[in-house]
Amino acid sequence: RPVDSRDARRCYQLWRIWTTLKQMCYDRGYLVTQEQLTMSLERWKEEFGDRPSDNNPSKRSLAFSAPHVNDPSDQILVDFPEEEDVNTRTIKELYERMRDTSIHKAIVVVGHKIAPIAVRIVGDLKQHDPPYVIQPFREEDLLVNITRHELVPRHEVLTDEEKKILLKRYNLSA
């Protein structure tokens with residue numbers, strides 16, 4: 001049967017979100033292939049599916065992990081929970097997967113909202129030894145990678161010397 005317009009629109013959204021997340025991981029120094037960074041919508045549909053209304057692709061199938069280029073033991077997990085609203089159960093399940101796979105950094109894609117108590121748990125997990133860092137991002141915030149927008153300049157960490165010069169130029173103290 002032909003793909004309906006809702007499925008086509010949702011596929012486009014999921015592809016944009018997935019692509020932005022791959023770009024984010026790449027920009028943070030995680031191993032992402034050039035093929036993944038430049039995958040077309042048509043190729044993405046071949047790999048993941050084109051009927052979200054039939055759970056094809058399921059959001060869970062879009063999840064991935066990637067090792068850091070400089071330290072393969074430093075991995076990041078990107079999770080797409082099926083439920084639209086992220087709650088404490090979602091965060092606890094993600095934490096258990098992270099713990100079981102020795103991954104200490106994760107991004108969780110939130111369909112609509114994240115419960116306040118879940119936000120508190122995310123904060124508490126940062127206090128663990130070792131810390132577990134979970135960054136929630138709403139789907140709508142991932143549709144466009146703002147760091148790759150032509151009007152957004154490249155952001156880079158300043159060296160100590162550059163920081164001193166900048167502070168002096170604007171008469172600021174550290």
# chains A, B, ... in the order shown; residues from 1 in each chain; ligands from 1

$ residues_around --residues "Lys105 (chain A)" --least-positions-apart "6" --cutoff "12 Å" --atoms "only C-alpha atoms" --output "PyMOL selection string"
chain A and resi 25+28+30+65-68+73-79+94-95+97-99+122+125-126+130-136

$ select_by_dssp --residues "region 51-169 of chain A" --states "alpha helix (DSSP H)" --output "CSV table (one decimal) with all heavy atoms, in the first residue's frame"
chain,number,residue,atom,x,y,z
A,88,THR,N,10.1,8.5,35.1
A,88,THR,CA,11.2,7.9,35.9
A,88,THR,C,11.5,6.5,35.4
A,88,THR,O,12.7,6.1,35.4
A,88,THR,CB,10.8,7.8,37.4
A,88,THR,OG1,9.6,7.1,37.5
A,88,THR,CG2,10.6,9.2,37.9
A,89,ARG,N,10.6,5.7,35.0
A,89,ARG,CA,10.8,4.4,34.5
A,89,ARG,C,11.7,4.4,33.3
A,89,ARG,O,12.7,3.6,33.2
A,89,ARG,CB,9.5,3.6,34.2
A,89,ARG,CG,9.7,2.2,33.7
A,89,ARG,CD,8.3,1.5,33.4
A,89,ARG,NE,7.5,2.3,32.5
A,89,ARG,CZ,7.6,2.4,31.2
A,89,ARG,NH1,8.6,1.7,30.5
A,89,ARG,NH2,6.8,3.1,30.4
A,90,THR,N,11.5,5.3,32.4
A,90,THR,CA,12.3,5.4,31.2
A,90,THR,C,13.8,5.7,31.5
A,90,THR,O,14.7,5.1,31.0
A,90,THR,CB,11.8,6.6,30.3
A,90,THR,OG1,10.4,6.5,30.1
A,90,THR,CG2,12.5,6.6,28.9
A,91,ILE,N,14.0,6.7,32.5
A,91,ILE,CA,15.3,7.1,32.9
A,91,ILE,C,16.0,5.9,33.6
A,91,ILE,O,17.2,5.6,33.4
A,91,ILE,CB,15.3,8.3,33.7
A,91,ILE,CG1,14.8,9.5,32.9
A,91,ILE,CG2,16.7,8.6,34.3
A,91,ILE,CD1,15.6,9.9,31.7
A,92,LYS,N,15.2,5.2,34.5
A,92,LYS,CA,15.8,4.1,35.2
A,92,LYS,C,16.2,3.0,34.3
A,92,LYS,O,17.3,2.4,34.5
A,92,LYS,CB,14.9,3.6,36.3
A,92,LYS,CG,14.8,4.6,37.5
A,92,LYS,CD,13.8,4.1,38.5
A,92,LYS,CE,13.7,5.1,39.7
A,92,LYS,NZ,12.7,4.7,40.7
A,93,GLU,N,15.4,2.7,33.3
A,93,GLU,CA,15.8,1.6,32.3
A,93,GLU,C,17.0,2.1,31.5
A,93,GLU,O,17.9,1.2,31.2
A,93,GLU,CB,14.6,1.4,31.4
A,93,GLU,CG,13.5,0.6,32.0
A,93,GLU,CD,12.2,0.5,31.2
A,93,GLU,OE1,12.2,1.0,30.0
A,93,GLU,OE2,11.2,-0.1,31.6
A,94,LEU,N,17.1,3.3,31.2
A,94,LEU,CA,18.2,3.8,30.4
A,94,LEU,C,19.5,3.7,31.3
A,94,LEU,O,20.5,3.2,30.8
A,94,LEU,CB,18.0,5.3,30.0
A,94,LEU,CG,19.2,5.9,29.3
A,94,LEU,CD1,19.7,5.2,28.0
A,94,LEU,CD2,18.9,7.4,28.9
A,95,TYR,N,19.4,4.1,32.6
A,95,TYR,CA,20.5,4.0,33.5
A,95,TYR,C,21.0,2.5,33.6
A,95,TYR,O,22.2,2.3,33.6
A,95,TYR,CB,20.1,4.5,34.9
A,95,TYR,CG,21.0,4.1,35.9
A,95,TYR,CD1,22.4,4.5,36.0
A,95,TYR,CD2,20.6,3.2,36.9
A,95,TYR,CE1,23.2,4.0,37.0
A,95,TYR,CE2,21.4,2.7,37.9
A,95,TYR,CZ,22.7,3.1,37.9
A,95,TYR,OH,23.6,2.7,38.9
A,96,GLU,N,20.0,1.6,33.7
A,96,GLU,CA,20.4,0.2,33.8
A,96,GLU,C,21.1,-0.3,32.6
A,96,GLU,O,22.1,-1.0,32.7
A,96,GLU,CB,19.2,-0.7,34.1
A,96,GLU,CG,18.6,-0.5,35.5
A,96,GLU,CD,17.2,-1.1,35.7
A,96,GLU,OE1,16.7,-1.7,34.8
A,96,GLU,OE2,16.7,-0.9,36.9
A,97,ARG,N,20.7,0.1,31.4
A,97,ARG,CA,21.4,-0.3,30.2
A,97,ARG,C,22.8,0.3,30.1
A,97,ARG,O,23.8,-0.3,29.7
A,97,ARG,CB,20.6,0.2,28.9
A,97,ARG,CG,19.5,-0.7,28.6
A,97,ARG,CD,19.1,-0.6,27.1
A,97,ARG,NE,19.1,0.7,26.5
A,97,ARG,CZ,18.1,1.5,26.4
A,97,ARG,NH1,16.9,1.2,26.9
A,97,ARG,NH2,18.2,2.7,25.9
A,98,MET,N,22.9,1.6,30.6
A,98,MET,CA,24.2,2.3,30.6
A,98,MET,C,25.1,1.5,31.6
A,98,MET,O,26.3,1.2,31.3
A,98,MET,CB,24.1,3.7,31.1
A,98,MET,CG,23.4,4.6,30.0
A,98,MET,SD,23.0,6.2,30.7
A,98,MET,CE,24.6,7.0,30.8
A,99,ARG,N,24.6,1.2,32.8
A,99,ARG,CA,25.4,0.5,33.8
A,99,ARG,C,25.9,-0.9,33.3
A,99,ARG,O,27.0,-1.2,33.4
A,99,ARG,CB,24.6,0.4,35.1
A,99,ARG,CG,25.4,-0.3,36.2
A,99,ARG,CD,24.5,-0.6,37.4
A,99,ARG,NE,23.5,-1.7,36.9
A,99,ARG,CZ,22.3,-1.8,37.3
A,99,ARG,NH1,21.8,-1.0,38.2
A,99,ARG,NH2,21.5,-2.8,36.8
A,100,ASP,N,24.9,-1.6,32.7
A,100,ASP,CA,25.2,-3.0,32.2
A,100,ASP,C,26.2,-3.0,31.0
A,100,ASP,O,26.9,-4.0,30.8
A,100,ASP,CB,23.9,-3.7,31.8
A,100,ASP,CG,23.0,-3.9,32.9
A,100,ASP,OD1,23.5,-3.8,34.1
A,100,ASP,OD2,21.8,-4.3,32.7
A,101,THR,N,26.3,-1.9,30.3
A,101,THR,CA,27.2,-1.8,29.1
A,101,THR,C,28.4,-0.9,29.4
A,101,THR,O,29.2,-0.7,28.5
A,101,THR,CB,26.5,-1.3,27.9
A,101,THR,OG1,25.9,-0.1,28.2
A,101,THR,CG2,25.4,-2.3,27.4
A,116,PRO,N,9.2,16.1,35.7
A,116,PRO,CA,10.1,16.8,36.6
A,116,PRO,C,10.9,15.8,37.5
A,116,PRO,O,12.1,16.1,37.8
A,116,PRO,CB,9.2,17.7,37.5
A,116,PRO,CG,8.0,18.0,36.6
A,116,PRO,CD,7.8,16.7,35.8
A,117,ILE,N,10.3,14.8,38.0
A,117,ILE,CA,11.0,13.8,38.8
A,117,ILE,C,12.1,13.1,38.0
A,117,ILE,O,13.1,12.8,38.5
A,117,ILE,CB,10.0,12.8,39.5
A,117,ILE,CG1,10.7,11.9,40.5
A,117,ILE,CG2,9.3,11.9,38.5
A,117,ILE,CD1,10.8,12.5,41.9
A,118,ALA,N,11.8,12.9,36.7
A,118,ALA,CA,12.8,12.2,35.9
A,118,ALA,C,14.0,13.2,35.7
A,118,ALA,O,15.2,12.7,35.7
A,118,ALA,CB,12.2,11.9,34.5
A,119,VAL,N,13.7,14.5,35.6
A,119,VAL,CA,14.8,15.5,35.5
A,119,VAL,C,15.7,15.4,36.8
A,119,VAL,O,16.9,15.5,36.7
A,119,VAL,CB,14.3,16.9,35.3
A,119,VAL,CG1,15.4,18.0,35.4
A,119,VAL,CG2,13.5,17.0,34.0
A,120,ARG,N,15.0,15.2,37.9
A,120,ARG,CA,15.8,15.2,39.2
A,120,ARG,C,16.6,13.9,39.2
A,120,ARG,O,17.8,13.9,39.7
A,120,ARG,CB,14.8,15.2,40.4
A,120,ARG,CG,15.6,15.5,41.7
A,120,ARG,CD,14.7,15.8,42.8
A,120,ARG,NE,14.3,14.5,43.4
A,120,ARG,CZ,13.1,14.2,43.9
A,120,ARG,NH1,12.2,15.1,44.0
A,120,ARG,NH2,12.9,13.0,44.5
A,121,ILE,N,16.1,12.8,38.7
A,121,ILE,CA,16.9,11.6,38.7
A,121,ILE,C,18.1,11.7,37.8
A,121,ILE,O,19.2,11.3,38.1
A,121,ILE,CB,16.0,10.4,38.2
A,121,ILE,CG1,15.0,10.0,39.3
A,121,ILE,CG2,16.9,9.1,37.9
A,121,ILE,CD1,14.0,9.0,38.9
A,122,VAL,N,17.9,12.4,36.6
A,122,VAL,CA,19.1,12.7,35.7
A,122,VAL,C,20.1,13.5,36.5
A,122,VAL,O,21.3,13.2,36.4
A,122,VAL,CB,18.6,13.5,34.5
A,122,VAL,CG1,19.7,14.1,33.7
A,122,VAL,CG2,17.7,12.6,33.6
A,123,GLY,N,19.7,14.5,37.3
A,123,GLY,CA,20.7,15.2,38.1
A,123,GLY,C,21.4,14.4,39.1
A,123,GLY,O,22.6,14.5,39.3
A,124,ASP,N,20.6,13.5,39.8
A,124,ASP,CA,21.2,12.6,40.8
A,124,ASP,C,22.2,11.7,40.2
A,124,ASP,O,23.2,11.4,40.8
A,124,ASP,CB,20.1,11.8,41.5
A,124,ASP,CG,19.2,12.7,42.3
A,124,ASP,OD1,19.5,13.8,42.6
A,124,ASP,OD2,18.1,12.2,42.7
A,125,LEU,N,22.0,11.2,39.0
A,125,LEU,CA,22.9,10.2,38.4
A,125,LEU,C,24.3,10.9,38.1
A,125,LEU,O,25.3,10.2,38.0
A,125,LEU,CB,22.3,9.7,37.1
A,125,LEU,CG,21.1,8.7,37.3
A,125,LEU,CD1,20.5,8.4,35.9
A,125,LEU,CD2,21.6,7.4,38.0
A,139,GLU,N,12.5,16.2,20.6
A,139,GLU,CA,12.5,16.0,19.2
A,139,GLU,C,12.5,17.3,18.4
A,139,GLU,O,13.3,17.4,17.5
A,139,GLU,CB,11.3,15.1,18.8
A,139,GLU,CG,11.5,13.7,19.1
A,139,GLU,CD,10.3,12.9,18.5
A,139,GLU,OE1,9.5,13.4,17.8
A,139,GLU,OE2,10.2,11.7,18.9
A,140,GLU,N,11.7,18.2,18.7
A,140,GLU,CA,11.6,19.4,18.0
A,140,GLU,C,12.8,20.3,18.0
A,140,GLU,O,13.1,21.0,17.0
A,140,GLU,CB,10.4,20.3,18.4
A,140,GLU,CG,10.5,20.8,19.8
A,140,GLU,CD,9.2,21.5,20.3
A,140,GLU,OE1,8.1,20.9,20.1
A,140,GLU,OE2,9.3,22.5,20.9
A,141,ASP,N,13.7,20.1,19.0
A,141,ASP,CA,14.9,20.8,19.1
A,141,ASP,C,16.0,20.2,18.2
A,141,ASP,O,17.1,20.7,18.0
A,141,ASP,CB,15.4,20.9,20.5
A,141,ASP,CG,14.4,21.8,21.4
A,141,ASP,OD1,13.8,22.7,20.8
A,141,ASP,OD2,14.4,21.5,22.6
A,142,LEU,N,15.8,18.9,17.8
A,142,LEU,CA,16.8,18.2,17.0
A,142,LEU,C,16.4,18.2,15.5
A,142,LEU,O,17.2,17.6,14.7
A,142,LEU,CB,16.9,16.8,17.5
A,142,LEU,CG,17.4,16.6,18.9
A,142,LEU,CD1,17.2,15.2,19.4
A,142,LEU,CD2,18.9,17.0,19.0
A,160,ASP,N,44.0,29.1,27.4
A,160,ASP,CA,44.1,30.0,28.6
A,160,ASP,C,44.6,31.4,28.1
A,160,ASP,O,44.2,32.4,28.6
A,160,ASP,CB,45.1,29.4,29.6
A,160,ASP,CG,44.5,28.3,30.4
A,160,ASP,OD1,43.2,28.2,30.4
A,160,ASP,OD2,45.2,27.5,30.9
A,161,GLU,N,45.5,31.4,27.2
A,161,GLU,CA,46.1,32.7,26.7
A,161,GLU,C,45.0,33.5,25.9
A,161,GLU,O,44.9,34.7,26.2
A,161,GLU,CB,47.3,32.4,25.7
A,161,GLU,CG,48.0,33.7,25.3
A,161,GLU,CD,48.6,34.5,26.4
A,161,GLU,OE1,49.0,33.9,27.4
A,161,GLU,OE2,48.6,35.8,26.3
A,162,GLU,N,44.2,32.9,25.1
A,162,GLU,CA,43.1,33.5,24.4
A,162,GLU,C,42.1,34.1,25.4
A,162,GLU,O,41.5,35.2,25.2
A,162,GLU,CB,42.4,32.6,23.4
A,162,GLU,CG,43.3,32.2,22.2
A,162,GLU,CD,42.7,31.1,21.4
A,162,GLU,OE1,42.1,30.2,22.0
A,162,GLU,OE2,42.9,31.1,20.2
A,163,LYS,N,41.8,33.3,26.5
A,163,LYS,CA,40.9,33.7,27.5
A,163,LYS,C,41.4,35.0,28.2
A,163,LYS,O,40.6,35.9,28.4
A,163,LYS,CB,40.7,32.6,28.5
A,163,LYS,CG,39.7,32.9,29.6
A,163,LYS,CD,39.6,31.7,30.5
A,163,LYS,CE,38.8,32.0,31.8
A,163,LYS,NZ,38.7,30.9,32.7
A,164,LYS,N,42.7,35.0,28.5
A,164,LYS,CA,43.3,36.2,29.2
A,164,LYS,C,43.1,37.5,28.3
A,164,LYS,O,42.8,38.5,28.7
A,164,LYS,CB,44.8,36.0,29.5
A,164,LYS,CG,45.0,35.1,30.6
A,164,LYS,CD,46.5,34.9,30.8
A,164,LYS,CE,46.8,33.8,31.8
A,164,LYS,NZ,48.2,33.5,32.0
A,165,ILE,N,43.4,37.3,27.0
A,165,ILE,CA,43.3,38.4,26.0
A,165,ILE,C,41.9,38.9,26.0
A,165,ILE,O,41.6,40.1,26.0
A,165,ILE,CB,43.8,38.0,24.6
A,165,ILE,CG1,45.3,37.7,24.7
A,165,ILE,CG2,43.5,39.0,23.6
A,165,ILE,CD1,45.9,37.1,23.5
A,166,LEU,N,40.9,38.0,25.9
A,166,LEU,CA,39.5,38.3,25.8
A,166,LEU,C,39.1,39.1,27.0
A,166,LEU,O,38.4,40.1,27.0
A,166,LEU,CB,38.7,37.1,25.5
A,166,LEU,CG,37.2,37.4,25.3
A,166,LEU,CD1,37.0,38.1,24.0
A,166,LEU,CD2,36.4,36.0,25.3
A,167,LEU,N,39.4,38.6,28.2
A,167,LEU,CA,39.0,39.2,29.5
A,167,LEU,C,39.6,40.6,29.6
A,167,LEU,O,39.0,41.5,30.0
A,167,LEU,CB,39.4,38.3,30.7
A,167,LEU,CG,38.7,37.0,30.8
A,167,LEU,CD1,39.3,36.2,31.9
A,167,LEU,CD2,37.2,37.3,31.1
A,168,LYS,N,40.9,40.7,29.2
A,168,LYS,CA,41.5,42.0,29.2
A,168,LYS,C,40.9,43.0,28.3
A,168,LYS,O,40.6,44.2,28.6
A,168,LYS,CB,43.0,41.9,28.9
A,168,LYS,CG,43.8,43.2,29.1
A,168,LYS,CD,45.3,42.9,28.8
A,168,LYS,CE,46.0,44.3,29.0
A,168,LYS,NZ,47.5,44.1,28.8
A,169,ARG,N,40.6,42.5,27.1
A,169,ARG,CA,40.0,43.4,26.0
A,169,ARG,C,38.7,44.0,26.5
A,169,ARG,O,38.4,45.2,26.3
A,169,ARG,CB,39.7,42.6,24.7
A,169,ARG,CG,39.0,43.5,23.7
A,169,ARG,CD,38.6,42.7,22.4
A,169,ARG,NE,39.8,42.1,21.8
A,169,ARG,CZ,39.7,41.1,21.0
A,169,ARG,NH1,38.5,40.6,20.7
A,169,ARG,NH2,40.7,40.5,20.5

$ select_by_dssp --residues "region 24-97 of chain A" --states "strand (DSSP E or B)" --output "compact mmCIF listing (two decimals) with C-alpha atoms, in the first residue's frame"
# COMPACT_ATOMS: atom_id res chain seq x y z
CA TYR A 30 32.61 10.09 18.61
CA ARG A 51 5.88 3.36 7.91
CA ASN A 56 8.50 0.54 11.03
CA PHE A 64 22.77 3.72 18.67
CA SER A 65 26.03 3.94 20.54
CA ALA A 66 29.39 5.24 19.38
CA PRO A 67 32.91 5.04 20.79
CA HIS A 68 35.05 8.15 21.17
CA GLN A 75 31.15 5.61 24.54
CA ILE A 76 27.93 7.51 24.16
CA LEU A 77 24.48 5.94 23.96
CA VAL A 78 21.70 7.67 22.03
CA ASP A 79 18.27 6.44 23.07
CA VAL A 86 9.86 10.44 29.42

$ atom_distance --atom1 "CA of Ile17 (chain A)" --atom2 "CA of Asp54 (chain A)"
19.2 Å

$ closest_residue --among "A:Lys59, A:Lys45, A:Arg9, A:Arg148" --to "Gln23 (chain A)" --atoms "only C-alpha atoms"
A:Arg148

$ closest_residue --among "A:Cys11, A:Val3, A:Ala63, A:Met39" --to "Val109 (chain A)" --atoms "only C-alpha atoms"
A:Ala63

$ residues_around --residues "Glu42 (chain A)" --least-positions-apart "3" --cutoff "12 Å" --atoms "only C-alpha atoms" --output "PyMOL selection string"
chain A and resi 8+11-12+15+38-39+45-50

$ write_last_selection --atoms "N, CA, C and O atoms" --output "compact mmCIF listing (two decimals), in the first residue's frame"
# COMPACT_ATOMS: atom_id res chain seq x y z
N ALA A 8 5.00 9.84 5.70
CA ALA A 8 6.07 10.53 4.98
C ALA A 8 6.62 11.68 5.82
O ALA A 8 7.84 11.85 5.93
N CYS A 11 8.54 10.21 8.85
CA CYS A 11 9.84 9.67 8.41
C CYS A 11 10.84 10.81 8.23
O CYS A 11 11.99 10.70 8.66
N TYR A 12 10.39 11.88 7.59
CA TYR A 12 11.28 13.02 7.38
C TYR A 12 11.75 13.57 8.72
O TYR A 12 12.94 13.85 8.90
N TRP A 15 14.25 11.12 10.36
CA TRP A 15 15.52 11.18 9.64
C TRP A 15 16.30 12.43 10.02
O TRP A 15 17.50 12.35 10.27
N THR A 38 26.01 11.63 5.92
CA THR A 38 25.46 12.15 4.66
C THR A 38 24.32 11.30 4.11
O THR A 38 23.93 11.47 2.96
N MET A 39 23.79 10.38 4.92
CA MET A 39 22.75 9.47 4.45
C MET A 39 21.52 10.25 3.96
O MET A 39 20.99 11.10 4.68
N LYS A 45 15.31 5.45 4.73
CA LYS A 45 14.07 4.67 4.70
C LYS A 45 14.34 3.21 4.34
O LYS A 45 13.70 2.32 4.88
N GLU A 46 15.27 2.98 3.42
CA GLU A 46 15.64 1.60 3.06
C GLU A 46 16.19 0.86 4.28
O GLU A 46 15.90 -0.32 4.48
N GLU A 47 16.99 1.56 5.08
CA GLU A 47 17.61 0.92 6.23
C GLU A 47 16.66 0.77 7.41
O GLU A 47 16.66 -0.26 8.09
N PHE A 48 15.83 1.78 7.67
CA PHE A 48 15.01 1.78 8.89
C PHE A 48 13.52 1.54 8.66
O PHE A 48 12.83 1.11 9.56
N GLY A 49 13.03 1.86 7.47
CA GLY A 49 11.61 1.68 7.19
C GLY A 49 10.94 3.01 6.87
O GLY A 49 11.48 4.08 7.14
N ASP A 50 9.73 2.92 6.32
CA ASP A 50 9.02 4.14 5.91
C ASP A 50 7.57 4.19 6.39
O ASP A 50 6.77 4.93 5.85

$ atom_distance --atom1 "CA of Asn70 (chain A)" --atom2 "CA of Gly29 (chain A)"
7.8 Å

$ closest_residue --among "A:Trp44, A:Arg6, A:Ile146, A:Tyr26" --to "Val69 (chain A)" --atoms "only C-alpha atoms"
A:Tyr26

$ atom_distance --atom1 "CA of Ser102 (chain A)" --atom2 "CA of Asp71 (chain A)"
13.6 Å

$ residues_around --residues "Lys22 (chain A)" --least-positions-apart "5" --cutoff "8 Å" --atoms "only C-alpha atoms" --output "JSON, numbers by chain"
{"A": [32, 36, 37]}

$ write_last_selection --atoms "C-alpha atoms" --output "PDB file, in the first residue's frame"
ATOM      1  CA  VAL A  32      30.459   8.275  13.091  1.00  0.00           C
ATOM      2  CA  GLN A  36      25.920   8.036   8.298  1.00  0.00           C
ATOM      3  CA  LEU A  37      26.589  11.785   8.268  1.00  0.00           C
TER       4      LEU A  37
END
